[in-house]
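**Student:** Got a structure for you, data-v2.cif, holding mmCIF, C-alpha atoms.
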data_model
#
loop_
_atom_site.group_PDB
_atom_site.id
_atom_site.type_symbol
_atom_site.label_atom_id
_atom_site.label_comp_id
_atom_site.auth_asym_id
_atom_site.auth_seq_id
_atom_site.Cartn_x
_atom_site.Cartn_y
_atom_site.Cartn_z
ATOM 1 C CA VAL A 1 118.789 35.056 26.272
ATOM 2 C CA SER A 2 117.039 33.786 23.150
ATOM 3 C CA ALA A 3 120.367 32.756 21.559
ATOM 4 C CA VAL A 4 121.901 31.489 24.791
ATOM 5 C CA VAL A 5 119.366 28.725 25.423
ATOM 6 C CA PRO A 6 119.903 26.873 22.102
ATOM 7 C CA LEU A 7 123.655 27.303 22.581
ATOM 8 C CA GLY A 8 123.438 25.855 26.103
ATOM 9 C CA SER A 9 121.223 23.019 24.925
ATOM 10 C CA GLY A 10 123.701 22.202 22.169
ATOM 11 C CA LEU A 11 126.657 22.317 24.557
ATOM 12 C CA ASN A 12 124.827 19.994 26.919
ATOM 13 C CA LYS A 13 124.164 17.473 24.133
ATOM 14 C CA VAL A 14 127.799 17.584 23.056
ATOM 15 C CA MET A 15 128.979 17.150 26.648
ATOM 16 C CA MET A 16 126.694 14.173 27.268
ATOM 17 C CA THR A 17 127.255 12.335 23.993
ATOM 18 C CA LYS A 18 130.320 13.352 22.027
ATOM 19 C CA THR A 19 133.084 14.363 24.402
ATOM 20 C CA LYS A 20 135.816 11.834 24.883
ATOM 21 C CA SER A 21 138.497 13.643 26.862
ATOM 22 C CA TRP A 22 138.066 14.757 30.434
ATOM 23 C CA GLN A 23 139.431 18.191 29.521
ATOM 24 C CA ASP A 24 136.576 18.709 27.055
ATOM 25 C CA LYS A 25 134.016 17.696 29.674
ATOM 26 C CA VAL A 26 135.457 20.129 32.201
ATOM 27 C CA ALA A 27 135.541 22.941 29.630
ATOM 28 C CA LEU A 28 131.940 22.344 28.519
ATOM 29 C CA SER A 29 130.783 22.111 32.117
ATOM 30 C CA SER A 30 132.445 25.468 32.838
ATOM 31 C CA CYS A 31 130.824 27.047 29.764
ATOM 32 C CA LEU A 32 127.379 25.836 30.804
ATOM 33 C CA GLN A 33 127.966 27.098 34.321
ATOM 34 C CA HIS A 34 128.871 30.501 32.951
ATOM 35 C CA LEU A 35 125.810 30.636 30.686
ATOM 36 C CA LEU A 36 123.499 29.736 33.561
ATOM 37 C CA THR A 37 125.149 32.276 35.826
ATOM 38 C CA ILE A 38 125.098 35.329 33.566
ATOM 39 C CA CYS A 39 121.589 34.938 32.140
ATOM 40 C CA LYS A 40 118.181 35.076 33.778
ATOM 41 C CA GLY A 41 114.677 34.274 32.645
ATOM 42 C CA LYS A 42 112.228 31.454 32.172
ATOM 43 C CA ALA A 43 114.195 30.033 29.263
ATOM 44 C CA ILE A 44 117.287 29.655 31.460
ATOM 45 C CA VAL A 45 115.174 27.820 34.050
ATOM 46 C CA GLN A 46 114.092 25.384 31.333
ATOM 47 C CA LEU A 47 117.718 24.935 30.237
ATOM 48 C CA ALA A 48 118.753 24.170 33.822
ATOM 49 C CA GLN A 49 115.930 21.637 34.121
ATOM 50 C CA GLU A 50 116.993 20.071 30.821
ATOM 51 C CA ILE A 51 120.613 19.690 31.949
ATOM 52 C CA LEU A 52 120.020 18.263 35.448
ATOM 53 C CA PRO A 53 118.742 14.698 34.804
ATOM 54 C CA GLY A 54 121.587 13.626 32.526
ATOM 55 C CA LEU A 55 124.155 15.503 34.558
ATOM 56 C CA VAL A 56 123.320 13.709 37.800
ATOM 57 C CA GLY A 57 123.778 10.263 36.257
ATOM 58 C CA ALA A 58 126.944 11.242 34.410
ATOM 59 C CA THR A 59 128.485 12.818 37.511
ATOM 60 C CA ASP A 60 127.720 9.774 39.654
ATOM 61 C CA LYS A 61 129.387 7.438 37.137
ATOM 62 C CA GLU A 62 132.412 9.672 36.563
ATOM 63 C CA THR A 63 135.748 8.417 37.887
ATOM 64 C CA LYS A 64 137.966 11.383 37.004
ATOM 65 C CA GLU A 65 137.980 13.841 39.916
ATOM 66 C CA GLU A 66 138.246 16.954 37.770
ATOM 67 C CA VAL A 67 135.167 16.002 35.756
ATOM 68 C CA LYS A 68 133.235 14.999 38.877
ATOM 69 C CA CYS A 69 134.026 18.365 40.494
ATOM 70 C CA GLY A 70 132.971 20.217 37.356
ATOM 71 C CA GLY A 71 129.748 18.218 37.205
ATOM 72 C CA LEU A 72 128.977 18.962 40.856
ATOM 73 C CA ALA A 73 129.594 22.680 40.322
ATOM 74 C CA LEU A 74 127.280 22.696 37.302
ATOM 75 C CA MET A 75 124.706 20.753 39.331
ATOM 76 C CA GLY A 76 124.701 23.490 41.983
ATOM 77 C CA VAL A 77 124.144 26.243 39.421
ATOM 78 C CA CYS A 78 121.395 24.241 37.687
ATOM 79 C CA CYS A 79 119.587 23.719 40.980
ATOM 80 C CA PHE A 80 119.876 27.413 41.785
ATOM 81 C CA ARG A 81 118.420 28.428 38.426
ATOM 82 C CA ALA A 82 115.700 25.762 38.504
ATOM 83 C CA ASP A 83 114.854 26.671 42.141
ATOM 84 C CA LYS A 84 114.698 22.967 42.993
ATOM 85 C CA CYS A 85 116.982 19.967 43.203
ATOM 86 C CA GLY A 86 115.076 16.757 43.613
ATOM 87 C CA GLY A 87 116.000 13.622 45.497
ATOM 88 C CA ASP A 88 118.449 12.314 42.902
ATOM 89 C CA VAL A 89 120.573 15.461 43.165
ATOM 90 C CA PHE A 90 120.646 15.255 46.953
ATOM 91 C CA LYS A 91 121.603 11.558 46.748
ATOM 92 C CA SER A 92 124.447 12.447 44.404
ATOM 93 C CA LEU A 93 125.668 15.244 46.677
ATOM 94 C CA ASN A 94 125.438 13.017 49.763
ATOM 95 C CA LYS A 95 127.375 10.277 47.960
ATOM 96 C CA ALA A 96 130.084 12.792 47.069
ATOM 97 C CA LEU A 97 130.245 13.962 50.696
ATOM 98 C CA GLU A 98 130.487 10.430 52.077
ATOM 99 C CA THR A 99 132.761 8.673 49.598
ATOM 100 C CA GLY A 100 134.505 11.406 47.631
ATOM 101 C CA SER A 101 138.043 12.639 47.983
ATOM 102 C CA ASP A 102 138.704 15.932 49.713
ATOM 103 C CA CYS A 103 138.354 17.980 46.520
ATOM 104 C CA VAL A 104 135.138 16.154 45.540
ATOM 105 C CA ARG A 105 133.712 16.797 49.021
ATOM 106 C CA ARG A 106 134.663 20.467 48.660
ATOM 107 C CA ALA A 107 132.970 20.648 45.245
ATOM 108 C CA ALA A 108 129.801 19.033 46.648
ATOM 109 C CA LEU A 109 129.713 21.538 49.514
ATOM 110 C CA GLN A 110 130.224 24.441 47.132
ATOM 111 C CA ALA A 111 127.520 23.094 44.824
ATOM 112 C CA LEU A 112 125.094 22.823 47.715
ATOM 113 C CA GLY A 113 126.013 26.346 48.823
ATOM 114 C CA ALA A 114 125.360 27.670 45.320
ATOM 115 C CA ALA A 115 122.061 25.820 45.089
ATOM 116 C CA MET A 116 120.914 26.959 48.535
ATOM 117 C CA ARG A 117 120.917 30.576 47.399
ATOM 118 C CA SER A 118 117.521 29.586 46.021
ATOM 119 C CA THR A 119 114.606 29.500 48.458
ATOM 120 C CA GLY A 120 113.105 26.426 46.831
ATOM 121 C CA VAL A 121 116.317 24.453 47.304
ATOM 122 C CA ARG A 122 116.694 25.580 50.933
ATOM 123 C CA ASN A 123 113.195 24.256 51.597
ATOM 124 C CA GLU A 124 114.102 20.871 50.071
ATOM 125 C CA ALA A 125 117.634 20.581 51.445
ATOM 126 C CA VAL A 126 116.648 18.889 54.696
ATOM 127 C CA ASP A 127 117.807 15.649 52.994
ATOM 128 C CA MET A 128 121.374 16.955 53.211
ATOM 129 C CA VAL A 129 121.470 17.429 56.996
ATOM 130 C CA GLY A 130 122.866 13.960 57.782
ATOM 131 C CA GLY A 131 125.715 14.256 55.291
ATOM 132 C CA LEU A 132 126.580 17.764 56.442
ATOM 133 C CA VAL A 133 126.681 16.670 60.088
ATOM 134 C CA LYS A 134 129.079 13.832 59.205
ATOM 135 C CA VAL A 135 131.384 16.219 57.358
ATOM 136 C CA ALA A 136 131.308 18.668 60.266
ATOM 137 C CA GLN A 137 132.162 15.921 62.745
ATOM 138 C CA THR A 138 135.279 14.891 60.816
ATOM 139 C CA ALA A 139 136.998 18.104 61.912
ATOM 140 C CA ASP A 140 137.404 16.714 65.390
ATOM 141 C CA LYS A 141 139.154 13.562 64.176
ATOM 142 C CA LYS A 142 140.948 14.842 61.084
ATOM 143 C CA PRO A 143 142.253 18.421 61.279
ATOM 144 C CA ALA A 144 142.956 18.450 57.532
ATOM 145 C CA TYR A 145 139.183 18.327 56.936
ATOM 146 C CA ARG A 146 138.489 21.521 58.875
ATOM 147 C CA PRO A 147 137.926 23.792 55.856
ATOM 148 C CA ASN A 148 135.198 21.454 54.585
ATOM 149 C CA SER A 149 133.789 21.201 58.096
ATOM 150 C CA LEU A 150 133.454 24.961 58.350
ATOM 151 C CA THR A 151 131.547 25.082 55.088
ATOM 152 C CA ALA A 152 129.291 22.236 56.264
ATOM 153 C CA LEU A 153 128.631 24.080 59.536
ATOM 154 C CA GLN A 154 127.752 27.244 57.643
ATOM 155 C CA LEU A 155 125.272 25.355 55.447
ATOM 156 C CA LEU A 156 123.786 23.668 58.511
ATOM 157 C CA LEU A 157 123.255 27.060 60.145
ATOM 158 C CA HIS A 158 121.293 28.166 57.086
ATOM 159 C CA LEU A 159 119.198 25.003 57.231
ATOM 160 C CA MET A 160 118.567 25.389 60.964
ATOM 161 C CA GLN A 161 116.695 28.605 60.243
ATOM 162 C CA GLN A 162 114.039 26.701 58.300
ATOM 163 C CA HIS A 163 114.139 23.118 59.548
ATOM 164 C CA LYS A 164 113.787 22.069 63.163
ATOM 165 C CA MET A 165 115.243 18.673 62.272
ATOM 166 C CA ALA A 166 118.520 20.360 61.313
ATOM 167 C CA ALA A 167 118.643 22.092 64.692
ATOM 168 C CA ASP A 168 117.935 18.790 66.452
ATOM 169 C CA LYS A 169 120.706 17.004 64.554
ATOM 170 C CA TRP A 170 123.070 19.892 65.372
ATOM 171 C CA SER A 171 122.311 19.460 69.073
ATOM 172 C CA ASP A 172 122.524 15.660 68.957
ATOM 173 C CA ALA A 173 125.939 15.862 67.270
ATOM 174 C CA LYS A 174 127.141 18.408 69.855
ATOM 175 C CA LEU A 175 128.405 20.716 67.134
ATOM 176 C CA TRP A 176 128.382 23.734 69.465
ATOM 177 C CA ALA A 177 131.031 21.963 71.549
ATOM 178 C CA LEU A 178 133.081 21.422 68.405
ATOM 179 C CA LEU A 179 132.879 25.106 67.522
ATOM 180 C CA MET A 180 133.746 26.259 71.034
ATOM 181 C CA SER A 181 136.641 23.870 71.666
ATOM 182 C CA GLN A 182 140.023 25.499 72.180
ATOM 183 C CA ASP A 183 141.690 23.916 69.175
ATOM 184 C CA SER A 184 138.861 24.563 66.721
#
Mind turning the file's structure into structure tokens?
**Tutor:**
Amino acid sequence: VSAVVPLGSGLNKVMMTKTKSWQDKVALSSCLQHLLTICKGKAIVQLAQEILPGLVGATDKETKEEVKCGGLALMGVCCFRADKCGGDVFKSLNKALETGSDCVRRAALQALGAAMRSTGVRNEAVDMVGGLVKVAQTADKKPAYRPNSLTALQLLLHLMQQHKMAADKWSDAKLWALLMSQDS
């Protein structure tokens, strides 16, 4: 781990300042994801916390879908390792769920799923309930969105275990009816 942290820190600096092509950004994002996934320890937590602030801003500004998806995936792993997300990360994920293309929405859902493996993130993730409910409700109107809706429902079920507000929103949105409908 002692050699991985300086390597990760260096890769992060290169990704944030020197990369010009979208392919380089995607490759560096994947490398950082891999480093954060295979290693454990306090130093990795610090690396994840170092990466998150710049990553959130860069991902929000990004226009290329591939880079945005890579940034969201890295965001999820960073939150998992740091055991917290923060409001800016949840705003970024909600924005991706509301305004992103189908693949960006999928990446945001997967990032949230990865982050929610951490207890600290699950405790904070109540901010995501509204966005997840909206994604789940699109399945009724747009059958092509059903895979994303299923993932959103799964994440909502996890949140319902810890947050009464999530259960209330589930009931208000009549999501049980959506799940039990014949064509679901």
**Student:** Quick one: apply the PyMOL selection byres ((chain A and resi 46) around 12) to the file and drop the selected residues here as a PyMOL selection string.
**Tutor:** chain A and resi 1+4-6+8-9+36+40-45+47-52+78-79+81-84
**Student:** Rounded to one decimal, what separation in Å do you get between CA of Leu156 (chain A) and CA of Val133 (chain A)?
**Tutor:** 7.7 Å
**Student:** When you count all atoms listed in the file, which of these residues is closest to Gln33 (chain A): A:Met75, A:Ala115, A:Met16, A:Leu159?
**Tutor:**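 Among the listed residues, the smallest separation from Gln33 (chain A) belongs to A:Met75.
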**Student:** Do you know which residues are at most 10 Å from Cys31 (chain A) counting only C-alpha atoms, after dropping those on the same chain fewer than 6 positions away, and could you put them as a VMD selection string?
**Tutor:** chain A and resid 8 11 to 12 25 37 74
**Student:** Which is closer to Ala58 (chain A) than all the others in A:Ser149, A:Val126, A:Thr17, A:Leu97, using all atoms listed in the file?
**Tutor:**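 So, comparing all the options, the nearest one is A:Thr17.
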**Student:** I'd like the interatomic distance between CA of Ser29 (chain A) and CA of Val56 (chain A), to a tenth of an Å.
**Tutor:**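 If I compute the distance from CA of Ser29 (chain A) to CA of Val56 (chain A), I get 12.6 Å.
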**Student:** Considering all atoms listed in the file, state which residue in the set A:Ile38, A:Leu178, A:Ala173, A:Leu150 is at the smallest distance from Arg106 (chain A).
**Tutor:**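 Selected residue with least distance to Arg106 (chain A): A:Leu150.
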**Student:** So what do you get for CA of Arg122 (chain A) versus CA of Ala73 (chain A), distance-wise?
**Tutor:**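 The value is 17.0 Å.
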**Student:** Could you spell out the hits of the PyMOL selection byres ((chain A and resi 155) around 12) on the shown file, as a PyMOL selection string?
**Tutor:** chain A and resi 108-117+122+125-126+128-133+135-136+148-154+156-162+166-167+170
**Student:** Using 4 Å of padding on each side, determine the axis-aligned box around all atoms of region 26-45 of chain A present in the file and give its centre and edge lengths in Å to one decimal, as JSON.
**Tutor:**
{"center_x": 123.9, "center_y": 27.7, "center_z": 32.2, "size_x": 31.3, "size_y": 23.2, "size_z": 15.3}
**Student:** Looking at only C-alpha atoms, which of A:Cys39, A:Val26, A:Val14, A:Ala139 is the one that sits closest to Val77 (chain A)?
**Tutor:** A:Cys39
